[in-house]
>>> print(open('entry_35.txt').read())   # compact mmCIF, C-alpha atoms and all ligand atoms
# COMPACT_ATOMS: atom_id res chain seq x y z
CA MET A 1 0.00 0.00 0.00
CA ALA A 2 1.26 3.45 -0.83
CA ASP A 3 2.16 5.68 2.12
CA LYS A 4 -0.50 8.21 3.03
CA LYS A 5 0.28 11.72 1.83
CA ILE A 6 1.85 14.06 4.39
CA TYR A 7 1.55 17.71 3.44
CA LEU A 8 3.85 20.68 3.84
CA SER A 9 1.03 22.89 5.13
CA SER A 10 -2.59 22.23 4.16
CA PRO A 11 -5.86 23.84 5.27
CA THR A 12 -7.29 22.73 8.63
CA MET A 13 -11.02 23.34 8.94
CA HIS A 14 -13.02 23.11 12.14
CA GLY A 15 -16.75 23.43 11.42
CA GLU A 16 -17.52 26.97 12.54
CA GLU A 17 -16.50 28.08 9.06
CA GLN A 18 -19.57 26.31 7.61
CA GLU A 19 -21.91 27.99 10.05
CA PHE A 20 -20.76 31.44 8.92
CA ILE A 21 -21.09 30.35 5.29
CA LYS A 22 -24.55 28.93 5.92
CA GLU A 23 -25.61 32.23 7.43
CA ALA A 24 -24.37 33.98 4.30
CA PHE A 25 -26.40 31.61 2.11
CA ASP A 26 -29.49 31.82 4.29
CA THR A 27 -29.45 35.62 4.15
CA ASN A 28 -28.41 35.61 0.45
CA TRP A 29 -25.28 37.65 1.20
CA VAL A 30 -23.30 35.99 -1.61
CA ALA A 31 -21.35 39.03 -2.72
CA PRO A 32 -18.09 40.91 -2.30
CA LEU A 33 -19.62 42.71 0.67
CA GLY A 34 -21.83 41.78 3.58
CA PRO A 35 -21.89 41.16 7.31
CA ASN A 36 -19.13 38.52 7.33
CA VAL A 37 -16.75 40.88 5.52
CA ASN A 38 -17.34 43.68 8.02
CA ALA A 39 -17.19 41.31 10.98
CA PHE A 40 -14.02 39.58 9.76
CA GLU A 41 -12.31 42.96 9.42
CA LYS A 42 -13.32 43.95 12.94
CA GLU A 43 -12.40 40.58 14.44
CA LEU A 44 -8.99 40.39 12.79
CA ALA A 45 -8.19 44.00 13.67
CA SER A 46 -9.15 43.35 17.27
CA TYR A 47 -7.11 40.11 17.39
CA VAL A 48 -3.89 41.82 16.24
CA GLY A 49 -4.71 45.05 18.04
CA ILE A 50 -4.99 47.59 15.25
CA ALA A 51 -7.68 50.16 14.55
CA HIS A 52 -8.64 49.47 10.95
CA ALA A 53 -8.67 46.68 8.34
CA SER A 54 -9.80 46.17 4.75
CA ALA A 55 -10.62 42.61 3.61
CA LEU A 56 -9.36 41.84 0.11
CA SER A 57 -9.23 39.02 -2.42
CA ALA A 58 -5.54 38.18 -1.78
CA GLY A 59 -2.43 39.19 0.10
CA THR A 60 -0.95 40.16 -3.26
CA ALA A 61 -3.87 42.54 -3.86
CA ALA A 62 -3.23 44.04 -0.40
CA ILE A 63 0.43 44.71 -1.27
CA HIS A 64 -0.63 46.22 -4.59
CA LEU A 65 -3.10 48.58 -2.93
CA ALA A 66 -0.56 49.48 -0.21
CA LEU A 67 1.84 50.64 -2.93
CA ARG A 68 -0.94 52.52 -4.74
CA ILE A 69 -2.03 54.28 -1.55
CA LEU A 70 1.56 55.32 -0.75
CA GLY A 71 1.77 56.83 -4.22
CA VAL A 72 4.31 54.42 -5.68
CA GLY A 73 4.36 54.91 -9.43
CA GLU A 74 6.40 54.63 -12.58
CA GLY A 75 10.15 54.80 -11.99
CA ASP A 76 9.92 54.91 -8.19
CA THR A 77 12.35 52.79 -6.19
CA VAL A 78 11.03 50.28 -3.65
CA PHE A 79 13.34 48.25 -1.38
CA VAL A 80 12.24 44.62 -1.16
CA PRO A 81 13.83 41.66 0.66
CA THR A 82 15.27 39.18 -1.81
CA LEU A 83 14.44 36.08 0.21
CA THR A 84 10.66 35.93 -0.16
CA PHE A 85 7.83 34.71 -2.34
CA SER A 86 7.51 36.58 -5.66
CA ALA A 87 4.17 38.03 -4.53
CA THR A 88 6.11 40.54 -2.39
CA ALA A 89 7.88 41.98 -5.43
CA ASN A 90 5.38 41.53 -8.28
CA PRO A 91 3.06 44.40 -7.29
CA VAL A 92 6.04 46.80 -7.41
CA VAL A 93 6.36 45.94 -11.08
CA TYR A 94 2.58 46.16 -11.64
CA GLU A 95 3.03 49.85 -10.81
CA LYS A 96 6.03 50.16 -13.16
CA ALA A 97 8.16 50.97 -10.12
CA VAL A 98 11.65 49.54 -9.65
CA PRO A 99 12.33 46.89 -6.99
CA VAL A 100 15.78 46.97 -5.41
CA PHE A 101 16.53 43.74 -3.59
CA ILE A 102 18.09 43.53 -0.12
CA ASP A 103 19.94 40.47 1.20
CA SER A 104 19.06 38.55 4.36
CA GLU A 105 20.98 38.52 7.61
CA GLU A 106 21.77 35.20 9.26
CA ASP A 107 20.03 35.86 12.59
CA THR A 108 16.43 35.84 11.27
CA TRP A 109 16.87 35.24 7.50
CA ASN A 110 15.05 38.54 6.93
CA MET A 111 16.01 41.91 5.46
CA ASP A 112 19.52 42.82 6.62
CA PRO A 113 19.48 46.32 8.15
CA GLN A 114 23.12 46.85 7.13
CA ALA A 115 22.42 45.95 3.51
CA LEU A 116 19.38 48.24 3.69
CA GLU A 117 21.66 51.10 4.81
CA ARG A 118 23.91 50.44 1.83
CA ALA A 119 20.94 50.55 -0.53
CA PHE A 120 20.02 53.99 0.86
CA GLU A 121 23.54 55.23 0.03
CA LYS A 122 22.95 54.57 -3.66
CA TYR A 123 19.18 55.22 -3.70
CA PRO A 124 18.49 57.92 -1.10
CA ASP A 125 14.83 58.43 -2.04
CA PRO A 126 12.93 55.17 -2.31
CA LYS A 127 9.18 55.59 -2.20
CA ALA A 128 8.66 52.66 0.19
CA VAL A 129 10.38 49.77 1.96
CA ILE A 130 8.71 46.36 2.19
CA VAL A 131 9.75 44.04 5.00
CA VAL A 132 8.81 40.33 5.18
CA HIS A 133 8.73 38.04 8.23
CA LEU A 134 9.88 34.85 6.58
CA TYR A 135 8.24 31.59 7.66
CA GLY A 136 6.74 33.55 10.56
CA THR A 137 10.00 34.79 12.14
CA PRO A 138 9.84 38.55 12.81
CA ALA A 139 12.54 40.63 11.10
CA LYS A 140 14.82 43.01 13.03
CA LEU A 141 12.06 45.58 13.15
CA ASP A 142 13.69 48.08 15.54
CA GLU A 143 16.73 48.48 13.30
CA ILE A 144 14.72 48.52 10.08
CA MET A 145 12.20 51.06 11.40
CA GLU A 146 14.96 53.28 12.69
CA ILE A 147 16.50 53.39 9.21
CA CYS A 148 13.15 54.00 7.53
CA ASN A 149 12.27 56.75 9.99
CA ALA A 150 15.66 58.42 9.57
CA HIS A 151 15.06 58.54 5.82
CA LYS A 152 11.34 59.36 6.23
CA VAL A 153 10.32 56.43 4.04
CA PRO A 154 7.12 54.49 4.79
CA LEU A 155 7.38 50.83 5.69
CA ILE A 156 4.98 48.21 4.32
CA GLU A 157 4.91 45.04 6.39
CA ASP A 158 4.29 41.91 4.34
CA ALA A 159 3.10 39.75 7.24
CA ALA A 160 1.54 37.18 4.90
CA GLU A 161 3.46 34.37 6.59
CA SER A 162 3.53 35.76 10.12
CA LEU A 163 -0.09 36.30 11.20
CA GLY A 164 -0.05 35.63 14.96
CA SER A 165 3.70 36.30 15.36
CA THR A 166 4.73 39.08 17.71
CA TYR A 167 7.82 41.27 18.05
CA LYS A 168 8.45 42.68 21.53
CA GLY A 169 4.90 41.79 22.42
CA LYS A 170 3.23 43.51 19.46
CA HIS A 171 1.80 41.70 16.43
CA THR A 172 3.67 41.75 13.16
CA GLY A 173 1.73 43.82 10.66
CA LEU A 174 1.41 46.69 13.16
CA PHE A 175 4.87 48.20 12.76
CA GLY A 176 4.60 49.57 9.25
CA LYS A 177 2.44 52.41 7.98
CA ILE A 178 0.51 49.58 6.30
CA GLY A 179 0.49 45.88 7.15
CA ILE A 180 -0.82 43.04 5.03
CA TYR A 181 -1.88 39.46 5.76
CA SER A 182 -2.69 36.50 3.50
CA PHE A 183 -5.26 33.74 3.92
CA ASN A 184 -4.10 31.59 1.01
CA GLY A 185 -4.61 27.83 1.25
CA ASN A 186 -1.28 26.99 2.86
CA LYS A 187 -1.04 29.91 5.30
CA ILE A 188 -1.56 29.55 9.07
CA ILE A 189 -5.26 30.27 8.65
CA THR A 190 -7.02 30.26 5.31
CA THR A 191 -10.14 31.53 3.60
CA SER A 192 -9.22 29.42 0.52
CA GLY A 193 -7.83 32.68 -0.83
CA GLY A 194 -7.86 36.18 0.59
CA GLY A 195 -5.93 38.96 2.21
CA MET A 196 -6.21 41.89 4.61
CA LEU A 197 -4.71 45.36 4.65
CA VAL A 198 -4.39 46.94 8.09
CA SER A 199 -3.46 50.39 9.36
CA GLU A 200 -3.89 52.71 12.33
CA ASP A 201 -4.93 55.35 9.79
CA GLU A 202 -8.57 54.98 8.82
CA GLU A 203 -8.00 57.09 5.71
CA ILE A 204 -5.70 54.32 4.42
CA THR A 205 -8.08 51.41 4.91
CA ARG A 206 -10.96 53.50 3.55
CA LYS A 207 -8.90 54.14 0.41
CA ALA A 208 -8.05 50.44 0.15
CA THR A 209 -11.70 49.44 0.25
CA PHE A 210 -12.58 52.19 -2.23
CA LEU A 211 -9.88 51.12 -4.70
CA ALA A 212 -10.79 47.45 -4.20
CA THR A 213 -14.39 48.08 -5.23
CA GLN A 214 -13.71 49.74 -8.61
CA ALA A 215 -13.14 53.22 -7.18
CA ARG A 216 -16.77 54.32 -7.44
CA ASP A 217 -17.29 57.92 -6.46
CA PRO A 218 -20.24 58.69 -4.19
CA ALA A 219 -22.98 59.33 -6.75
CA ARG A 220 -26.15 57.56 -7.79
CA HIS A 221 -24.81 56.83 -11.25
CA TYR A 222 -21.51 55.06 -11.89
CA GLN A 223 -18.95 57.80 -11.62
CA HIS A 224 -15.18 57.23 -11.54
CA SER A 225 -12.36 59.70 -11.17
CA GLN A 226 -9.68 57.10 -10.47
CA ILE A 227 -8.74 53.65 -11.80
CA GLY A 228 -10.04 50.97 -9.46
CA PHE A 229 -9.68 47.24 -8.95
CA ASN A 230 -11.92 44.28 -8.25
CA TYR A 231 -10.04 43.20 -5.12
CA ARG A 232 -12.72 42.97 -2.41
CA MET A 233 -13.16 39.83 -0.32
CA SER A 234 -16.45 38.01 -0.74
CA ASN A 235 -18.91 37.47 2.10
CA ILE A 236 -18.57 33.68 1.71
CA THR A 237 -14.78 33.80 1.94
CA ALA A 238 -14.97 36.11 4.95
CA GLY A 239 -17.21 33.56 6.64
CA ILE A 240 -14.45 30.97 6.35
CA GLY A 241 -12.04 33.52 7.77
CA ARG A 242 -14.23 34.22 10.81
CA GLY A 243 -14.35 30.52 11.60
CA GLN A 244 -10.61 30.11 11.09
CA LEU A 245 -9.71 33.11 13.24
CA LEU A 246 -11.28 31.34 16.22
CA HIS A 247 -8.51 28.74 15.86
CA LEU A 248 -5.49 30.88 15.03
CA GLU A 249 -3.95 30.65 18.51
CA GLU A 250 -4.43 26.88 18.45
CA HIS A 251 -2.80 26.65 14.99
CA LYS A 252 0.12 28.72 16.25
CA ALA A 253 0.62 26.47 19.28
CA LEU A 254 0.61 23.39 17.03
CA LYS A 255 3.06 24.98 14.56
CA LYS A 256 5.37 25.91 17.41
CA ALA A 257 5.19 22.37 18.75
CA ILE A 258 6.22 21.03 15.30
CA TYR A 259 9.24 23.35 15.28
CA GLY A 260 10.11 22.20 18.80
CA GLN A 261 9.87 18.54 17.82
CA TYR A 262 12.21 18.99 14.87
CA LYS A 263 14.60 21.00 17.02
CA LYS A 264 14.82 18.23 19.59
CA ALA A 265 14.96 15.43 17.03
CA PHE A 266 17.95 16.89 15.16
CA GLU A 267 19.82 18.26 18.17
CA ASP A 268 22.56 15.65 17.89
CA ILE A 269 23.12 16.24 14.16
CA LYS A 270 25.56 19.12 13.96
CA GLU A 271 25.12 19.57 10.21
CA ILE A 272 21.46 20.54 10.64
CA SER A 273 20.26 23.91 11.87
CA LEU A 274 16.65 25.08 11.80
CA ASN A 275 15.47 28.45 10.55
CA PRO A 276 16.35 30.91 13.31
CA LEU A 277 13.78 32.44 15.65
CA ASN A 278 14.16 36.08 16.61
CA PRO A 279 14.79 36.26 20.40
CA ASP A 280 12.87 39.57 20.42
CA GLY A 281 9.81 37.87 19.00
CA ASP A 282 7.36 35.04 19.31
CA ALA A 283 7.11 33.36 15.89
CA ASN A 284 4.03 31.53 14.64
CA CYS A 285 6.44 28.94 13.15
CA TRP A 286 4.34 28.77 9.98
CA LEU A 287 6.94 26.56 8.28
CA THR A 288 9.96 24.92 9.86
CA GLY A 289 12.97 25.30 7.60
CA MET A 290 16.37 23.69 7.92
CA VAL A 291 19.80 24.29 6.44
CA ILE A 292 22.54 21.74 6.00
CA ALA A 293 26.12 22.77 6.77
CA ASP A 294 28.42 23.20 3.76
CA SER A 295 30.71 20.55 5.21
CA SER A 296 28.03 17.87 4.86
CA PRO A 297 27.83 15.74 1.71
CA VAL A 298 24.03 15.64 2.19
CA THR A 299 22.14 18.05 -0.07
CA PRO A 300 18.62 19.45 0.33
CA ASP A 301 17.65 17.52 -2.82
CA MET A 302 18.68 14.25 -1.18
CA VAL A 303 16.45 14.98 1.82
CA MET A 304 13.52 16.12 -0.34
CA ASP A 305 13.86 12.99 -2.54
CA ALA A 306 13.95 10.71 0.49
CA LEU A 307 10.78 12.32 1.87
CA GLU A 308 9.06 12.25 -1.52
CA ALA A 309 9.71 8.50 -1.79
CA HIS A 310 7.39 8.17 1.23
CA ASN A 311 4.77 10.51 -0.25
CA ILE A 312 5.85 13.31 2.09
CA GLU A 313 5.78 16.88 0.81
CA SER A 314 8.67 19.25 1.50
CA ARG A 315 9.97 22.12 -0.59
CA PRO A 316 12.99 24.29 -1.26
CA ILE A 317 13.50 27.58 0.50
CA TRP A 318 12.14 30.49 -1.59
CA LYS A 319 14.58 31.16 -4.41
CA PRO A 320 15.91 34.70 -3.88
CA MET A 321 14.33 37.32 -6.12
CA HIS A 322 17.70 38.71 -7.29
CA LEU A 323 18.42 35.27 -8.77
CA GLN A 324 15.09 35.05 -10.62
CA PRO A 325 15.24 35.48 -14.40
CA VAL A 326 12.29 37.89 -14.31
CA PHE A 327 14.05 40.22 -11.84
CA ALA A 328 17.60 39.85 -13.23
CA GLU A 329 17.83 43.48 -14.32
CA TYR A 330 17.28 44.93 -10.83
CA ASP A 331 19.90 46.02 -8.32
CA PHE A 332 20.82 43.96 -5.24
CA PHE A 333 22.56 44.80 -1.98
CA THR A 334 24.39 42.51 0.43
CA VAL A 335 27.04 43.13 3.06
CA LEU A 336 28.81 39.83 2.46
CA GLY A 337 32.40 40.69 1.67
CA GLU A 338 31.46 44.39 1.62
CA GLY A 339 30.20 44.38 -1.91
CA LYS A 340 33.00 42.43 -3.49
CA LYS A 341 31.03 39.23 -3.50
CA GLU A 342 27.97 40.74 -5.15
CA GLU A 343 29.54 40.20 -8.54
CA ALA A 344 30.51 36.66 -7.62
CA GLY A 345 26.83 36.05 -6.88
CA GLU A 346 27.42 35.28 -3.24
CA SER A 347 24.92 36.27 -0.62
CA VAL A 348 23.41 35.08 2.64
CA SER A 349 20.08 34.44 0.92
CA ALA A 350 21.69 32.34 -1.84
CA GLN A 351 23.48 30.24 0.77
CA ILE A 352 20.23 29.61 2.62
CA PHE A 353 18.54 28.71 -0.68
CA ASP A 354 21.39 26.39 -1.76
CA ARG A 355 21.60 24.54 1.54
CA GLY A 356 18.04 24.73 2.85
CA LEU A 357 14.58 23.22 2.63
CA CYS A 358 11.17 23.52 4.30
CA LEU A 359 10.09 20.53 6.36
CA PRO A 360 6.49 19.30 6.47
CA SER A 361 4.76 21.63 8.93
CA ASP A 362 1.15 20.53 8.64
CA ILE A 363 -0.72 20.82 11.94
CA LYS A 364 -2.69 17.67 11.12
CA ASN A 365 0.51 15.61 11.30
CA THR A 366 0.11 12.83 13.85
CA ALA A 367 2.84 11.73 16.26
CA GLU A 368 3.48 8.81 13.90
CA ASP A 369 3.75 11.14 10.90
CA MET A 370 6.34 13.24 12.73
CA GLU A 371 8.27 10.14 13.76
CA LEU A 372 8.34 8.93 10.18
CA ILE A 373 9.51 12.31 8.81
CA ILE A 374 12.18 12.59 11.48
CA SER A 375 13.47 9.05 10.93
CA ILE A 376 13.74 9.63 7.17
CA VAL A 377 15.68 12.87 7.63
CA ARG A 378 17.95 11.29 10.26
CA LYS A 379 18.68 8.38 7.92
CA CYS A 380 19.92 10.85 5.27
CA PHE A 381 22.60 11.82 7.80
CA GLY A 382 23.46 8.20 8.61
CA ARG A 383 21.67 8.17 11.98
C1 LIG A 401 1.63 34.04 0.39
C2 LIG A 401 2.47 35.25 0.36
C3 LIG A 401 2.02 36.42 -0.28
C4 LIG A 401 0.82 36.49 -1.15
O1 LIG A 401 -0.39 36.25 -0.57
P1 LIG A 401 -1.59 35.74 -1.48
O2 LIG A 401 -2.74 35.79 -0.55
O3 LIG A 401 -1.26 34.35 -1.91
O4 LIG A 401 -1.75 36.65 -2.63
C5 LIG A 401 2.81 37.55 -0.20
N1 LIG A 401 3.98 37.54 0.45
C6 LIG A 401 4.45 36.44 1.05
C7 LIG A 401 5.76 36.51 1.76
C8 LIG A 401 3.72 35.24 1.01
O5 LIG A 401 4.21 34.14 1.58
>>> encode(input="entry_35.txt", output="structure tokens", more="lines below")
Ligand SMILES: *Cc1c(COP(=O)(O)O)cnc(C)c1O
Amino acid sequence: MADKKIYLSSPTMHGEEQEFIKEAFDTNWVAPLGPNVNAFEKELASYVGIAHASALSAGTAAIHLALRILGVGEGDTVFVPTLTFSATANPVVYEKAVPVFIDSEEDTWNMDPQALERAFEKYPDPKAVIVVHLYGTPAKLDEIMEICNAHKVPLIEDAAESLGSTYKGKHTGLFGKIGIYSFNGNKIITTSGGGMLVSEDEEITRKATFLATQARDPARHYQHSQIGFNYRMSNITAGIGRGQLLHLEEHKALKKAIYGQYKKAFEDIKEISLNPLNPDGDANCWLTGMVIADSSPVTPDMVMDALEAHNIESRPIWKPMHLQPVFAEYDFFTVLGEGKKEEAGESVSAQIFDRGLCLPSDIKNTAEDMELIISIVRKCFGR
């Protein structure tokens, strides 16, 4: 018999989701507006502790609107971490702006404040900085915010992977002028697809909702003085989100337990280190990543193949954006070797990509599933 499939990170539903959806059907609120949308915004904002939220069709849409609202346009520079999913960078290009990629530091794998400083030396007037909290680990927000504030540049927090993570006791997504979350299928909670834009400034979330609903001016007839988008979350989707939000803390606890199990299980294998956790934060541990020391003959491909042979899903670390064919023309900053190694293509992010992988982090994994995964990985290292 074939092994049962073990997933990297799949949706976990609980039942309350269907009650909110049923209510939407029963009241015929099957539209990109309605009571679930308004309630989901309020409930999420209250969970993270921010004043205002706008529910959207995707995290990518939220990043796009954040850039629009901050006035990012053709030819403007935007600093973006290189080690992320392409959805962080794509909306910059939608606006014909110019992404400039920033390397990771080793302590959190996120945007390196020193590399960010270097980018400011060459590009003193970026229109925005986007920070990402990779795999749920908060970035060095104090340092990054200090730099952004010194240069008076707004920060957008792409907290798509870090909903529920905190930094110095405050939720990620609350540090930037605008924060965004994602509820895609593999994220810590899901609406099947969706996103949220949050801000302390009501004017910002009001603009987001306005732009997301085709930018209709207040008039009886259809009047438009700006280009809009069809980016609003539907009332059905928001119902799923309301049900999921009730279980976010539980999902986080389970994700953290998975990280802890891997940590313990590989403690004796010196070649393995897990993705770092920021000591100033409390990560949601969305995905557990690992890197294999250069000195080891074991490669990430060998581990991924061994898992795949047992029908277990794992995946590479995000391939850095500065190494992507589609972004090849854009500038990149690292502090490795003080610039000399940029031309040689060396960077912290490339090293993590070359030597890393994401381990199955599905909260439905049983104790037996975890044992099996761990034994397969250990075997790769001759244990
Ligand atoms: C998932 C993700 C997004 C995009 O969110 P969608 O809801 O899928 O559009 C953006 N940034 C990062 C870092 C992500 O992981």
>>> axis_aligned_box(input="entry_35.txt", around="ligand LIG 401 (chain A)", padding_each_side="4 Å", output="lines of an AutoDock Vina configuration file")
center_x = 1.5
center_y = 35.8
center_z = -0.4
size_x = 16.5
size_y = 11.5
size_z = 12.4
>>> closest_atom_pairs(input="entry_35.txt", of="chain A", to="ligand LIG 401 (chain A)", cutoff="7 Å", atoms="all atoms listed in the file", output="tab-separated table")
residue	atom	partner	partner_atom	distance
A:Ala58	CA	A:LIG401	O2	3.9
A:Gly59	CA	A:LIG401	O2	3.5
A:Thr60	CA	A:LIG401	O4	3.7
A:Ala61	CA	A:LIG401	O4	6.4
A:Thr84	CA	A:LIG401	C7	5.3
A:Phe85	CA	A:LIG401	C7	4.9
A:Ala87	CA	A:LIG401	C5	4.6
A:Thr88	CA	A:LIG401	N1	4.6
A:Val132	CA	A:LIG401	C7	6.0
A:Leu134	CA	A:LIG401	C7	6.6
A:Asp158	CA	A:LIG401	N1	5.9
A:Ala159	CA	A:LIG401	C7	6.9
A:Ala160	CA	A:LIG401	C8	4.9
A:Glu161	CA	A:LIG401	O5	5.1
A:Ser182	CA	A:LIG401	O2	4.1
A:Phe183	CA	A:LIG401	O2	5.5
A:Asn184	CA	A:LIG401	O2	4.7
A:Lys187	CA	A:LIG401	C1	6.9
A:Gly193	CA	A:LIG401	O2	6.0
A:Gly194	CA	A:LIG401	O2	5.3
A:Gly195	CA	A:LIG401	O2	5.3
>>> atom_distance(input="entry_35.txt", atom1="CA of Thr191 (chain A)", atom2="CA of Ile240 (chain A)")
5.1 Å
>>> atom_distance(input="entry_35.txt", atom1="CA of Glu271 (chain A)", atom2="CA of Asn311 (chain A)")
24.6 Å
>>> closest_residue(input="entry_35.txt", among="A:Gly164, A:Ser349, A:Pro320, A:Gly173", to="Cys285 (chain A)", atoms="all atoms listed in the file")
A:Gly164
>>> closest_residue(input="entry_35.txt", among="A:Met111, A:Met13, A:Val348, A:Ala24", to="Val291 (chain A)", atoms="all atoms listed in the file")
A:Val348
>>> atom_distance(input="entry_35.txt", atom1="CA of Ile189 (chain A)", atom2="CA of Gln244 (chain A)")
5.9 Å
>>> residues_around(input="entry_35.txt", residues="Asn284 (chain A)", least_positions_apart="2", cutoff="12 Å", atoms="all atoms listed in the file", output="ChimeraX atom specification")
/A:133-138,159-167,171-172,187-189,248-260,277-278,281-282,286-288,361
>>> residues_around(input="entry_35.txt", residues="Met233 (chain A)", least_positions_apart="3", cutoff="9 Å", atoms="all atoms listed in the file", output="PyMOL selection string")
chain A and resi 31-33+37+54-58+193-196+212+236-238
>>> residues_around(input="entry_35.txt", residues="Glu117 (chain A)", least_positions_apart="3", cutoff="12 Å", atoms="all atoms listed in the file", output="number ranges by chain")
A: 79, 102-103, 111-114, 120-124, 126, 129, 143-148, 150-151, 333-335
>>> closest_residue(input="entry_35.txt", among="A:Ile130, A:Val303, A:Ile317, A:Leu336", to="Ile376 (chain A)", atoms="only C-alpha atoms")
A:Val303
>>> closest_residue(input="entry_35.txt", among="A:His14, A:His64, A:Lys170, A:Lys96", to="Asp280 (chain A)", atoms="only C-alpha atoms")
A:Lys170
>>> build_atoms(input="entry_35.txt", residues="region 29-41 of chain A", atoms="N, CA and C atoms", output="JSON list (two decimals), keeping the file's coordinate frame")
[["chain", "number", "residue", "atom", "x", "y", "z"],
["A", 29, "TRP", "N", -26.43, 36.75, 1.31],
["A", 29, "TRP", "CA", -25.28, 37.65, 1.20],
["A", 29, "TRP", "C", -24.14, 36.91, 0.48],
["A", 30, "VAL", "N", -24.31, 36.70, -0.82],
["A", 30, "VAL", "CA", -23.30, 35.99, -1.61],
["A", 30, "VAL", "C", -22.68, 37.02, -2.54],
["A", 31, "ALA", "N", -21.84, 37.86, -1.99],
["A", 31, "ALA", "CA", -21.35, 39.03, -2.72],
["A", 31, "ALA", "C", -20.03, 39.50, -2.12],
["A", 32, "PRO", "N", -19.34, 40.36, -2.86],
["A", 32, "PRO", "CA", -18.09, 40.91, -2.30],
["A", 32, "PRO", "C", -18.37, 42.03, -1.30],
["A", 33, "LEU", "N", -19.32, 41.84, -0.47],
["A", 33, "LEU", "CA", -19.62, 42.71, 0.67],
["A", 33, "LEU", "C", -20.60, 41.96, 1.53],
["A", 34, "GLY", "N", -20.87, 42.45, 2.72],
["A", 34, "GLY", "CA", -21.83, 41.78, 3.58],
["A", 34, "GLY", "C", -21.34, 41.68, 5.01],
["A", 35, "PRO", "N", -22.20, 41.17, 5.88],
["A", 35, "PRO", "CA", -21.89, 41.16, 7.31],
["A", 35, "PRO", "C", -20.63, 40.38, 7.68],
["A", 36, "ASN", "N", -20.35, 39.27, 7.00],
["A", 36, "ASN", "CA", -19.13, 38.52, 7.33],
["A", 36, "ASN", "C", -17.88, 39.32, 7.01],
["A", 37, "VAL", "N", -17.92, 40.08, 5.92],
["A", 37, "VAL", "CA", -16.75, 40.88, 5.52],
["A", 37, "VAL", "C", -16.47, 41.93, 6.60],
["A", 38, "ASN", "N", -17.52, 42.64, 6.99],
["A", 38, "ASN", "CA", -17.34, 43.68, 8.02],
["A", 38, "ASN", "C", -16.91, 43.07, 9.34],
["A", 39, "ALA", "N", -17.51, 41.94, 9.70],
["A", 39, "ALA", "CA", -17.19, 41.31, 10.98],
["A", 39, "ALA", "C", -15.76, 40.74, 10.96],
["A", 40, "PHE", "N", -15.37, 40.15, 9.85],
["A", 40, "PHE", "CA", -14.02, 39.58, 9.76],
["A", 40, "PHE", "C", -12.97, 40.68, 9.91],
["A", 41, "GLU", "N", -13.22, 41.82, 9.27],
["A", 41, "GLU", "CA", -12.31, 42.96, 9.42],
["A", 41, "GLU", "C", -12.18, 43.37, 10.89]]
